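J.: One file: model.pdb (PDB, C-alpha atoms and all ligand atoms).
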ATOM      1  CA  MET A 459     234.408-143.339 -40.483  1.00  0.00           C
ATOM      2  CA  SER A 460     233.203-143.998 -36.898  1.00  0.00           C
ATOM      3  CA  ALA A 461     229.671-145.190 -36.300  1.00  0.00           C
ATOM      4  CA  HIS A 462     227.319-143.185 -34.113  1.00  0.00           C
ATOM      5  CA  LEU A 463     227.028-144.628 -30.670  1.00  0.00           C
ATOM      6  CA  LEU A 464     224.364-142.171 -29.579  1.00  0.00           C
ATOM      7  CA  ALA A 465     221.735-140.355 -31.602  1.00  0.00           C
ATOM      8  CA  LEU A 466     219.357-137.845 -30.066  1.00  0.00           C
ATOM      9  CA  SER A 467     216.746-136.617 -32.472  1.00  0.00           C
ATOM     10  CA  HIS A 468     214.217-133.871 -31.936  1.00  0.00           C
ATOM     11  CA  ILE A 469     214.218-134.154 -28.154  1.00  0.00           C
ATOM     12  CA  SER A 470     211.876-131.881 -26.224  1.00  0.00           C
ATOM     13  CA  LYS A 471     211.327-131.772 -22.498  1.00  0.00           C
ATOM     14  CA  SER A 472     209.217-129.408 -20.396  1.00  0.00           C
ATOM     15  CA  PHE A 473     208.483-129.126 -16.733  1.00  0.00           C
ATOM     16  CA  ALA A 474     205.323-127.744 -15.203  1.00  0.00           C
ATOM     17  CA  GLU A 475     206.107-125.098 -12.627  1.00  0.00           C
ATOM     18  CA  GLN A 476     203.360-123.453 -10.606  1.00  0.00           C
ATOM     19  CA  HIS A 477     200.879-124.331 -13.364  1.00  0.00           C
ATOM     20  CA  GLN A 478     203.220-122.854 -15.951  1.00  0.00           C
ATOM     21  CA  HIS A 479     204.677-124.845 -18.796  1.00  0.00           C
ATOM     22  CA  HIS A 480     208.444-124.400 -18.712  1.00  0.00           C
ATOM     23  CA  PRO A 481     210.195-125.743 -21.846  1.00  0.00           C
ATOM     24  CA  LEU A 482     213.735-126.874 -21.062  1.00  0.00           C
ATOM     25  CA  LEU A 483     214.909-128.836 -24.107  1.00  0.00           C
ATOM     26  CA  ARG A 484     213.515-127.789 -27.489  1.00  0.00           C
ATOM     27  CA  ASP A 485     213.836-129.950 -30.576  1.00  0.00           C
ATOM     28  CA  LEU A 486     217.378-130.888 -29.629  1.00  0.00           C
ATOM     29  CA  SER A 487     219.357-133.195 -31.922  1.00  0.00           C
ATOM     30  CA  LEU A 488     222.881-134.507 -31.400  1.00  0.00           C
ATOM     31  CA  CYS A 489     224.935-137.442 -32.678  1.00  0.00           C
ATOM     32  CA  VAL A 490     227.971-138.756 -30.854  1.00  0.00           C
ATOM     33  CA  ASN A 491     230.451-141.209 -32.332  1.00  0.00           C
ATOM     34  CA  GLN A 492     231.788-144.276 -30.643  1.00  0.00           C
ATOM     35  CA  GLY A 493     234.917-143.350 -28.717  1.00  0.00           C
ATOM     36  CA  GLU A 494     234.159-139.634 -28.816  1.00  0.00           C
ATOM     37  CA  VAL A 495     234.634-137.482 -25.703  1.00  0.00           C
ATOM     38  CA  ILE A 496     232.201-134.595 -25.466  1.00  0.00           C
ATOM     39  CA  ALA A 497     231.869-131.772 -22.982  1.00  0.00           C
ATOM     40  CA  LEU A 498     228.398-130.410 -22.342  1.00  0.00           C
ATOM     41  CA  ILE A 499     228.571-126.886 -21.028  1.00  0.00           C
ATOM     42  CA  GLY A 500     225.897-124.278 -20.333  1.00  0.00           C
ATOM     43  CA  ALA A 501     224.560-122.018 -17.622  1.00  0.00           C
ATOM     44  CA  SER A 502     223.276-123.469 -14.379  1.00  0.00           C
ATOM     45  CA  GLY A 503     219.693-124.600 -15.023  1.00  0.00           C
ATOM     46  CA  SER A 504     220.183-124.869 -18.791  1.00  0.00           C
ATOM     47  CA  GLY A 505     219.277-128.577 -18.659  1.00  0.00           C
ATOM     48  CA  LYS A 506     222.615-130.456 -18.691  1.00  0.00           C
ATOM     49  CA  SER A 507     221.647-132.928 -15.946  1.00  0.00           C
ATOM     50  CA  THR A 508     218.224-133.413 -17.477  1.00  0.00           C
ATOM     51  CA  LEU A 509     219.808-134.194 -20.843  1.00  0.00           C
ATOM     52  CA  LEU A 510     222.195-136.730 -19.261  1.00  0.00           C
ATOM     53  CA  ASN A 511     219.226-138.333 -17.471  1.00  0.00           C
ATOM     54  CA  ILE A 512     217.379-138.589 -20.789  1.00  0.00           C
ATOM     55  CA  ILE A 513     220.415-140.139 -22.501  1.00  0.00           C
ATOM     56  CA  ALA A 514     220.643-142.692 -19.671  1.00  0.00           C
ATOM     57  CA  GLY A 515     216.915-143.467 -19.867  1.00  0.00           C
ATOM     58  CA  ILE A 516     216.372-142.292 -16.285  1.00  0.00           C
ATOM     59  CA  GLU A 517     213.956-139.657 -17.581  1.00  0.00           C
ATOM     60  CA  LEU A 518     211.913-139.795 -20.762  1.00  0.00           C
ATOM     61  CA  PRO A 519     211.716-136.953 -23.279  1.00  0.00           C
ATOM     62  CA  ASP A 520     208.264-135.546 -24.071  1.00  0.00           C
ATOM     63  CA  THR A 521     208.990-136.018 -27.779  1.00  0.00           C
ATOM     64  CA  GLY A 522     211.897-137.297 -29.842  1.00  0.00           C
ATOM     65  CA  MET A 523     214.083-140.353 -29.948  1.00  0.00           C
ATOM     66  CA  VAL A 524     217.136-141.534 -27.988  1.00  0.00           C
ATOM     67  CA  SER A 525     219.101-144.304 -29.724  1.00  0.00           C
ATOM     68  CA  ILE A 526     222.160-146.027 -28.366  1.00  0.00           C
ATOM     69  CA  GLU A 527     223.562-148.170 -31.152  1.00  0.00           C
ATOM     70  CA  GLN A 528     220.555-150.212 -32.358  1.00  0.00           C
ATOM     71  CA  THR A 529     218.414-149.659 -29.255  1.00  0.00           C
ATOM     72  CA  VAL A 530     215.730-146.964 -29.132  1.00  0.00           C
ATOM     73  CA  LEU A 531     215.787-146.294 -25.429  1.00  0.00           C
ATOM     74  CA  ASN A 532     212.557-144.343 -25.142  1.00  0.00           C
ATOM     75  CA  GLN A 533     210.586-147.214 -26.694  1.00  0.00           C
ATOM     76  CA  LEU A 534     211.637-149.676 -23.980  1.00  0.00           C
ATOM     77  CA  SER A 535     209.690-150.388 -20.808  1.00  0.00           C
ATOM     78  CA  GLU A 536     211.098-148.925 -17.610  1.00  0.00           C
ATOM     79  CA  THR A 537     212.385-152.365 -16.581  1.00  0.00           C
ATOM     80  CA  ASP A 538     214.159-152.839 -19.903  1.00  0.00           C
ATOM     81  CA  ARG A 539     215.613-149.316 -19.770  1.00  0.00           C
ATOM     82  CA  THR A 540     216.995-150.046 -16.306  1.00  0.00           C
ATOM     83  CA  ALA A 541     218.518-153.330 -17.502  1.00  0.00           C
ATOM     84  CA  PHE A 542     220.033-151.615 -20.550  1.00  0.00           C
ATOM     85  CA  ARG A 543     221.472-148.801 -18.441  1.00  0.00           C
ATOM     86  CA  ARG A 544     222.978-151.213 -15.939  1.00  0.00           C
ATOM     87  CA  GLN A 545     224.781-153.070 -18.654  1.00  0.00           C
ATOM     88  CA  HIS A 546     225.888-150.401 -21.089  1.00  0.00           C
ATOM     89  CA  VAL A 547     226.007-147.082 -19.252  1.00  0.00           C
ATOM     90  CA  GLY A 548     228.264-145.816 -16.470  1.00  0.00           C
ATOM     91  CA  PHE A 549     226.791-142.767 -14.750  1.00  0.00           C
ATOM     92  CA  ILE A 550     228.747-140.498 -12.429  1.00  0.00           C
ATOM     93  CA  PHE A 551     226.007-138.508 -10.752  1.00  0.00           C
ATOM     94  CA  GLN A 552     226.419-134.943  -9.544  1.00  0.00           C
ATOM     95  CA  PHE A 553     225.461-136.044  -6.043  1.00  0.00           C
ATOM     96  CA  PHE A 554     227.250-139.438  -6.263  1.00  0.00           C
ATOM     97  CA  ASN A 555     224.259-141.718  -5.392  1.00  0.00           C
ATOM     98  CA  LEU A 556     226.378-144.203  -3.447  1.00  0.00           C
ATOM     99  CA  LEU A 557     224.474-146.784  -1.391  1.00  0.00           C
ATOM    100  CA  PRO A 558     224.967-145.900   2.295  1.00  0.00           C
ATOM    101  CA  THR A 559     224.597-149.470   3.593  1.00  0.00           C
ATOM    102  CA  LEU A 560     227.369-150.837   1.381  1.00  0.00           C
ATOM    103  CA  SER A 561     231.089-150.347   1.957  1.00  0.00           C
ATOM    104  CA  VAL A 562     233.167-148.477  -0.610  1.00  0.00           C
ATOM    105  CA  LYS A 563     234.395-151.744  -2.107  1.00  0.00           C
ATOM    106  CA  GLU A 564     230.864-153.189  -2.252  1.00  0.00           C
ATOM    107  CA  ASN A 565     229.601-150.000  -3.908  1.00  0.00           C
ATOM    108  CA  ILE A 566     232.306-150.194  -6.561  1.00  0.00           C
ATOM    109  CA  LEU A 567     231.704-153.878  -7.294  1.00  0.00           C
ATOM    110  CA  LEU A 568     227.904-153.568  -7.426  1.00  0.00           C
ATOM    111  CA  PRO A 569     227.686-153.148 -11.242  1.00  0.00           C
ATOM    112  CA  LEU A 570     229.640-156.406 -11.663  1.00  0.00           C
ATOM    113  CA  GLN A 571     227.195-158.216  -9.382  1.00  0.00           C
ATOM    114  CA  LEU A 572     224.135-156.741 -11.062  1.00  0.00           C
ATOM    115  CA  ASN A 573     225.448-157.727 -14.492  1.00  0.00           C
ATOM    116  CA  GLN A 574     226.884-161.048 -13.313  1.00  0.00           C
ATOM    117  CA  LEU A 575     230.298-160.099 -14.641  1.00  0.00           C
ATOM    118  CA  ALA A 576     233.613-161.502 -13.499  1.00  0.00           C
ATOM    119  CA  TYR A 577     235.804-159.514 -11.128  1.00  0.00           C
ATOM    120  CA  ASP A 578     238.948-158.248 -12.871  1.00  0.00           C
ATOM    121  CA  GLN A 579     241.344-157.554 -10.039  1.00  0.00           C
ATOM    122  CA  ALA A 580     243.903-155.733 -12.182  1.00  0.00           C
ATOM    123  CA  PHE A 581     241.272-153.312 -13.493  1.00  0.00           C
ATOM    124  CA  PHE A 582     239.828-152.812  -9.997  1.00  0.00           C
ATOM    125  CA  GLU A 583     243.299-151.973  -8.695  1.00  0.00           C
ATOM    126  CA  LEU A 584     243.975-149.624 -11.592  1.00  0.00           C
ATOM    127  CA  LEU A 585     240.789-147.714 -10.724  1.00  0.00           C
ATOM    128  CA  ILE A 586     241.333-147.508  -6.968  1.00  0.00           C
ATOM    129  CA  ASN A 587     245.034-146.681  -7.314  1.00  0.00           C
ATOM    130  CA  SER A 588     244.502-143.932  -9.848  1.00  0.00           C
ATOM    131  CA  THR A 589     241.764-142.367  -7.762  1.00  0.00           C
ATOM    132  CA  GLN A 590     243.791-142.895  -4.585  1.00  0.00           C
ATOM    133  CA  ILE A 591     241.050-144.571  -2.601  1.00  0.00           C
ATOM    134  CA  GLU A 592     242.959-147.734  -1.614  1.00  0.00           C
ATOM    135  CA  GLN A 593     242.694-146.786   2.067  1.00  0.00           C
ATOM    136  CA  LEU A 594     238.928-146.255   1.928  1.00  0.00           C
ATOM    137  CA  LEU A 595     237.675-149.628   0.706  1.00  0.00           C
ATOM    138  CA  TYR A 596     236.120-150.768   3.992  1.00  0.00           C
ATOM    139  CA  ARG A 597     234.632-147.410   4.984  1.00  0.00           C
ATOM    140  CA  TYR A 598     231.040-146.357   4.325  1.00  0.00           C
ATOM    141  CA  PRO A 599     229.919-143.493   2.055  1.00  0.00           C
ATOM    142  CA  ASP A 600     228.523-141.362   4.909  1.00  0.00           C
ATOM    143  CA  ASP A 601     231.986-141.278   6.514  1.00  0.00           C
ATOM    144  CA  LEU A 602     233.671-139.924   3.388  1.00  0.00           C
ATOM    145  CA  SER A 603     234.242-136.373   2.203  1.00  0.00           C
ATOM    146  CA  GLY A 604     232.490-135.164  -0.948  1.00  0.00           C
ATOM    147  CA  GLY A 605     235.688-135.524  -2.974  1.00  0.00           C
ATOM    148  CA  GLU A 606     236.235-139.064  -1.701  1.00  0.00           C
ATOM    149  CA  GLN A 607     232.655-140.019  -2.553  1.00  0.00           C
ATOM    150  CA  GLN A 608     233.109-138.546  -6.013  1.00  0.00           C
ATOM    151  CA  ARG A 609     236.171-140.733  -6.653  1.00  0.00           C
ATOM    152  CA  VAL A 610     234.321-143.834  -5.417  1.00  0.00           C
ATOM    153  CA  ALA A 611     231.396-142.974  -7.708  1.00  0.00           C
ATOM    154  CA  LEU A 612     233.804-142.729 -10.608  1.00  0.00           C
ATOM    155  CA  CYS A 613     235.238-146.206  -9.935  1.00  0.00           C
ATOM    156  CA  ARG A 614     231.723-147.632  -9.654  1.00  0.00           C
ATOM    157  CA  ALA A 615     230.724-146.060 -12.992  1.00  0.00           C
ATOM    158  CA  LEU A 616     233.697-147.579 -14.810  1.00  0.00           C
ATOM    159  CA  ILE A 617     234.159-151.032 -13.232  1.00  0.00           C
ATOM    160  CA  HIS A 618     231.869-152.882 -15.684  1.00  0.00           C
ATOM    161  CA  ARG A 619     233.546-151.229 -18.703  1.00  0.00           C
ATOM    162  CA  PRO A 620     230.371-149.642 -20.132  1.00  0.00           C
ATOM    163  CA  ARG A 621     230.214-148.468 -23.764  1.00  0.00           C
ATOM    164  CA  LEU A 622     228.889-145.078 -22.695  1.00  0.00           C
ATOM    165  CA  VAL A 623     230.004-143.052 -19.689  1.00  0.00           C
ATOM    166  CA  LEU A 624     227.936-140.068 -18.548  1.00  0.00           C
ATOM    167  CA  ALA A 625     229.516-137.800 -15.997  1.00  0.00           C
ATOM    168  CA  ASP A 626     227.699-134.933 -14.314  1.00  0.00           C
ATOM    169  CA  GLU A 627     230.301-132.516 -12.926  1.00  0.00           C
ATOM    170  CA  PRO A 628     232.605-135.455 -12.093  1.00  0.00           C
ATOM    171  CA  THR A 629     235.259-133.222 -10.566  1.00  0.00           C
ATOM    172  CA  GLY A 630     232.974-130.651  -8.928  1.00  0.00           C
ATOM    173  CA  SER A 631     233.896-131.661  -5.360  1.00  0.00           C
ATOM    174  CA  LEU A 632     237.625-132.014  -5.945  1.00  0.00           C
ATOM    175  CA  ASP A 633     240.510-129.588  -5.486  1.00  0.00           C
ATOM    176  CA  ASN A 634     242.213-128.535  -8.725  1.00  0.00           C
ATOM    177  CA  GLU A 635     245.045-131.023  -8.522  1.00  0.00           C
ATOM    178  CA  THR A 636     242.798-134.028  -7.748  1.00  0.00           C
ATOM    179  CA  ALA A 637     240.313-132.829 -10.385  1.00  0.00           C
ATOM    180  CA  ASP A 638     243.051-132.893 -13.021  1.00  0.00           C
ATOM    181  CA  GLN A 639     244.147-136.393 -11.969  1.00  0.00           C
ATOM    182  CA  VAL A 640     240.610-137.772 -11.911  1.00  0.00           C
ATOM    183  CA  PHE A 641     239.817-136.197 -15.257  1.00  0.00           C
ATOM    184  CA  ALA A 642     243.012-137.624 -16.767  1.00  0.00           C
ATOM    185  CA  LEU A 643     241.941-141.062 -15.509  1.00  0.00           C
ATOM    186  CA  LEU A 644     238.500-140.690 -17.098  1.00  0.00           C
ATOM    187  CA  LEU A 645     240.079-139.697 -20.423  1.00  0.00           C
ATOM    188  CA  ASN A 646     242.677-142.486 -20.305  1.00  0.00           C
ATOM    189  CA  ILE A 647     240.117-145.158 -19.599  1.00  0.00           C
ATOM    190  CA  ALA A 648     237.744-143.789 -22.243  1.00  0.00           C
ATOM    191  CA  HIS A 649     240.559-143.982 -24.825  1.00  0.00           C
ATOM    192  CA  GLN A 650     241.792-147.362 -23.653  1.00  0.00           C
ATOM    193  CA  GLU A 651     238.303-148.879 -23.690  1.00  0.00           C
ATOM    194  CA  GLN A 652     237.063-146.972 -26.777  1.00  0.00           C
ATOM    195  CA  GLN A 653     234.291-145.592 -24.580  1.00  0.00           C
ATOM    196  CA  THR A 654     232.086-142.704 -25.473  1.00  0.00           C
ATOM    197  CA  LEU A 655     232.226-140.116 -22.701  1.00  0.00           C
ATOM    198  CA  ILE A 656     229.818-137.235 -22.206  1.00  0.00           C
ATOM    199  CA  LEU A 657     230.795-134.878 -19.476  1.00  0.00           C
ATOM    200  CA  ALA A 658     228.617-132.050 -18.134  1.00  0.00           C
ATOM    201  CA  THR A 659     230.836-129.418 -16.605  1.00  0.00           C
ATOM    202  CA  HIS A 660     231.292-125.764 -15.763  1.00  0.00           C
ATOM    203  CA  ASN A 661     235.062-126.217 -15.943  1.00  0.00           C
ATOM    204  CA  LEU A 662     236.146-124.831 -19.321  1.00  0.00           C
ATOM    205  CA  GLN A 663     239.738-125.875 -18.784  1.00  0.00           C
ATOM    206  CA  LEU A 664     238.606-129.524 -18.591  1.00  0.00           C
ATOM    207  CA  ALA A 665     236.104-129.040 -21.408  1.00  0.00           C
ATOM    208  CA  SER A 666     238.864-127.778 -23.692  1.00  0.00           C
ATOM    209  CA  GLN A 667     240.610-131.166 -23.426  1.00  0.00           C
ATOM    210  CA  THR A 668     237.682-133.061 -25.002  1.00  0.00           C
ATOM    211  CA  ASP A 669     237.079-133.824 -28.702  1.00  0.00           C
ATOM    212  CA  ARG A 670     234.031-131.565 -28.956  1.00  0.00           C
ATOM    213  CA  VAL A 671     232.374-128.954 -26.792  1.00  0.00           C
ATOM    214  CA  CYS A 672     228.590-128.552 -26.979  1.00  0.00           C
ATOM    215  CA  ARG A 673     226.904-125.633 -25.281  1.00  0.00           C
ATOM    216  CA  LEU A 674     223.312-125.970 -24.155  1.00  0.00           C
ATOM    217  CA  VAL A 675     221.501-122.701 -24.831  1.00  0.00           C
ATOM    218  CA  SER A 676     217.749-122.131 -25.028  1.00  0.00           C
ATOM    219  CA  GLY A 677     217.107-125.851 -25.086  1.00  0.00           C
ATOM    220  CA  LYS A 678     219.411-126.735 -27.987  1.00  0.00           C
ATOM    221  CA  VAL A 679     223.070-127.660 -28.361  1.00  0.00           C
ATOM    222  CA  THR A 680     225.443-125.533 -30.356  1.00  0.00           C
ATOM    223  CA  GLU A 681     229.041-126.503 -30.985  1.00  0.00           C
ATOM    224  CA  GLN A 682     231.589-124.233 -29.524  1.00  0.00           C
ATOM    225  CA  SER A 683     235.326-123.903 -29.910  1.00  0.00           C
ATOM    226  CA  LEU A 684     237.262-123.048 -26.774  1.00  0.00           C
ATOM    227  CA  PRO A 685     240.652-121.334 -26.825  1.00  0.00           C
TER     228      PRO A 685
HETATM  229  N1  LIG B   1     211.620-132.984 -12.276  1.00  0.00           N
HETATM  230  C1  LIG B   1     211.638-131.660 -12.429  1.00  0.00           C
HETATM  231  N2  LIG B   1     210.542-130.915 -12.190  1.00  0.00           N
HETATM  232  C2  LIG B   1     210.545-129.579 -12.365  1.00  0.00           C
HETATM  233  N3  LIG B   1     211.629-128.875 -12.788  1.00  0.00           N
HETATM  234  C3  LIG B   1     212.743-129.575 -13.022  1.00  0.00           C
HETATM  235  C4  LIG B   1     212.823-130.990 -12.861  1.00  0.00           C
HETATM  236  N4  LIG B   1     214.084-131.393 -13.214  1.00  0.00           N
HETATM  237  C5  LIG B   1     214.757-130.268 -13.552  1.00  0.00           C
HETATM  238  N5  LIG B   1     213.937-129.187 -13.457  1.00  0.00           N
HETATM  239  C6  LIG B   1     214.335-127.799 -13.748  1.00  0.00           C
HETATM  240  O1  LIG B   1     214.939-127.762 -15.019  1.00  0.00           O
HETATM  241  C7  LIG B   1     216.019-126.842 -15.023  1.00  0.00           C
HETATM  242  C8  LIG B   1     217.282-127.522 -15.494  1.00  0.00           C
HETATM  243  O2  LIG B   1     217.808-128.375 -14.499  1.00  0.00           O
HETATM  244  P1  LIG B   1     219.149-129.201 -14.727  1.00  0.00           P
HETATM  245  O3  LIG B   1     219.493-129.795 -13.405  1.00  0.00           O
HETATM  246  O4  LIG B   1     218.985-130.116 -15.881  1.00  0.00           O
HETATM  247  O5  LIG B   1     220.192-128.038 -15.127  1.00  0.00           O
HETATM  248  P2  LIG B   1     221.773-128.047 -15.188  1.00  0.00           P
HETATM  249  O6  LIG B   1     222.151-127.370 -16.458  1.00  0.00           O
HETATM  250  O7  LIG B   1     222.285-129.440 -14.991  1.00  0.00           O
HETATM  251  O8  LIG B   1     222.169-127.139 -13.936  1.00  0.00           O
HETATM  252  P3  LIG B   1     223.489-127.117 -13.003  1.00  0.00           P
HETATM  253  O9  LIG B   1     224.618-126.650 -13.889  1.00  0.00           O
HETATM  254  O10 LIG B   1     223.129-126.111 -11.963  1.00  0.00           O
HETATM  255  O11 LIG B   1     223.677-128.509 -12.464  1.00  0.00           O
HETATM  256  C9  LIG B   1     216.116-126.284 -13.628  1.00  0.00           C
HETATM  257  O12 LIG B   1     215.494-125.031 -13.607  1.00  0.00           O
HETATM  258  C10 LIG B   1     215.378-127.295 -12.787  1.00  0.00           C
HETATM  259  O13 LIG B   1     214.784-126.709 -11.676  1.00  0.00           O
END
I'd like the structure from this file rewritten - as structure tokens, please.

T.:
Amino acid sequence: MSAHLLALSHISKSFAEQHQHHPLLRDLSLCVNQGEVIALIGASGSGKSTLLNIIAGIELPDTGMVSIEQTVLNQLSETDRTAFRRQHVGFIFQFFNLLPTLSVKENILLPLQLNQLAYDQAFFELLINSTQIEQLLYRYPDDLSGGEQQRVALCRALIHRPRLVLADEPTGSLDNETADQVFALLLNIAHQEQQTLILATHNLQLASQTDRVCRLVSGKVTEQSLP
């Protein structure tokens, strides 16, 4: 039996909007096993990005608990949450979040520097070759297309071999063929590294290739089987 890598219990999150209380996540609970690949689907605005941010400790829930292995993330200070995220989580953001003053190569290697980890050239080359960004290493993010930035962001999220990878629409800026290749890479690396991967997506064809599909509706997750 696999151990849970992630446990979300009784998570609630609201936003205040024009003096109105707008509940987004309501008493949401979810457990994810180590090595499991999960797709998070749901209408635009249903809270997928917010949930990924809560799992990563970027945002805090109003109530409830987020545990990654033995660590209760929402009980850590902001500094400790940031340190934990840097070490154990790879996040592919919807809008990439690359650092504009660093070259592509420097962006990708940043998590190794921040965690004082050794550079593994073979793994670096595997990432850049499979995402086909070998020619872009000395360019800067602002000079890249959205799809190119997305592939760089993916390499940066994986380079330090995190236990947990969170991907917010990781193929949203890619054409179908590149999206399939990039998604295959994400799945291969997750399997190879026994990583847990949670992927927010609108793409049901990609979602159907994961171990489990969770739909976010009315602030809770319900499991869904796709054809
Ligand atoms: N900091 C915030 N303050 C106020 N409202 C917010 C905040 N963050 C998110 N929201 C609102 O919460 C809702 C959910 O946003 P979220 O980005 O999590 O949805 P999503 O399911 O990821 O959407 P999409 O599929 O379009 O990316 C939206 O209506 C958004 O405007």

J.: Suppose you want the space between atom CA of A:Gly505 and atom CA of A:Cys672; what is it in Å?

T.: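 Those two atoms sit 12.5 Å apart.
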
J.: Output as a Markdown table one row per residue of chain A within 12 Å of ligand LIG 1 (chain B): the closest atom pair and its distance in Å to one decimal place, counting only C-alpha atoms and all ligand atoms, sorted by chain and residue number ascending.

T.:
| residue | atom | partner | partner_atom | distance |
| --- | --- | --- | --- | --- |
| A:Lys471 | CA | B:LIG1 | O1 | 9.2 |
| A:Ser472 | CA | B:LIG1 | N3 | 8.0 |
| A:Phe473 | CA | B:LIG1 | C2 | 4.9 |
| A:Ala474 | CA | B:LIG1 | C2 | 6.2 |
| A:Glu475 | CA | B:LIG1 | C2 | 6.3 |
| A:Gln476 | CA | B:LIG1 | C2 | 9.6 |
| A:His477 | CA | B:LIG1 | C2 | 11.0 |
| A:Gln478 | CA | B:LIG1 | C2 | 10.6 |
| A:His479 | CA | B:LIG1 | C2 | 9.9 |
| A:His480 | CA | B:LIG1 | N3 | 8.1 |
| A:Pro481 | CA | B:LIG1 | O1 | 8.6 |
| A:Leu482 | CA | B:LIG1 | O1 | 6.2 |
| A:Leu483 | CA | B:LIG1 | C8 | 9.0 |
| A:Leu498 | CA | B:LIG1 | O6 | 9.1 |
| A:Ile499 | CA | B:LIG1 | O6 | 7.9 |
| A:Gly500 | CA | B:LIG1 | O6 | 6.2 |
| A:Ala501 | CA | B:LIG1 | O9 | 5.9 |
| A:Ser502 | CA | B:LIG1 | O9 | 3.5 |
| A:Gly503 | CA | B:LIG1 | O5 | 3.5 |
| A:Ser504 | CA | B:LIG1 | O6 | 3.9 |
| A:Gly505 | CA | B:LIG1 | O4 | 3.2 |
| A:Lys506 | CA | B:LIG1 | O6 | 3.8 |
| A:Ser507 | CA | B:LIG1 | O7 | 3.7 |
| A:Thr508 | CA | B:LIG1 | O4 | 3.7 |
| A:Leu509 | CA | B:LIG1 | O4 | 6.5 |
| A:Leu510 | CA | B:LIG1 | O4 | 8.1 |
| A:Asn511 | CA | B:LIG1 | O4 | 8.4 |
| A:Ile512 | CA | B:LIG1 | O4 | 9.9 |
| A:Ile516 | CA | B:LIG1 | N1 | 11.2 |
| A:Glu517 | CA | B:LIG1 | N1 | 8.8 |
| A:Leu518 | CA | B:LIG1 | N1 | 10.9 |
| A:Pro519 | CA | B:LIG1 | N1 | 11.7 |
| A:Phe551 | CA | B:LIG1 | O11 | 10.4 |
| A:Gln552 | CA | B:LIG1 | O11 | 7.6 |
| A:Phe553 | CA | B:LIG1 | O11 | 10.1 |
| A:Ala625 | CA | B:LIG1 | O7 | 11.1 |
| A:Asp626 | CA | B:LIG1 | O7 | 7.7 |
| A:Glu627 | CA | B:LIG1 | O11 | 7.8 |
| A:Pro628 | CA | B:LIG1 | O11 | 11.3 |
| A:Gly630 | CA | B:LIG1 | O11 | 10.2 |
| A:Leu657 | CA | B:LIG1 | O7 | 11.1 |
| A:Ala658 | CA | B:LIG1 | O7 | 7.5 |
| A:Thr659 | CA | B:LIG1 | O9 | 7.3 |
| A:His660 | CA | B:LIG1 | O9 | 7.0 |
| A:Asn661 | CA | B:LIG1 | O9 | 10.7 |
| A:Arg673 | CA | B:LIG1 | O6 | 10.2 |
| A:Leu674 | CA | B:LIG1 | O6 | 7.9 |
| A:Val675 | CA | B:LIG1 | O6 | 9.6 |
| A:Ser676 | CA | B:LIG1 | C8 | 11.0 |
| A:Gly677 | CA | B:LIG1 | C8 | 9.7 |
| A:Lys678 | CA | B:LIG1 | O6 | 11.9 |
| A:Val679 | CA | B:LIG1 | O6 | 11.9 |

J.: Got a sec: who's within 9 Å of A:Leu488, counting all atoms listed in the file, leaving out chain neighbours fewer than 2 positions off, as a list in words?

T.: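 Non-adjacent residues within range: Leu464, Ala465, Leu466, Ser467, His468, Leu486, Val490 and Val679 of chain A.
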
J.: Pick out the closest residue to A:Leu595 from this set: A:Arg621, A:Arg609, A:Lys563, A:His649. Count only C-alpha atoms.

T.: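 Result for the nearest residue to A:Leu595: A:Lys563.
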
J.: Box in all listed atoms of stretch 616-631 of chain A, axis-aligned, with 6 Å more on each side; write out centre and edge lengths in Å to one decimal as JSON.

T.:
{"center_x": 231.5, "center_y": -141.8, "center_z": -14.6, "size_x": 19.6, "size_y": 34.2, "size_z": 30.4}

J.: Quick one: apply the PyMOL selection byres (((chain A and resi 653) around 9) and not hetatm) to the file and drop the selected residues here as a PyMOL selection string.

T.: chain A and resi 492-495+619-623+647-652+654-655
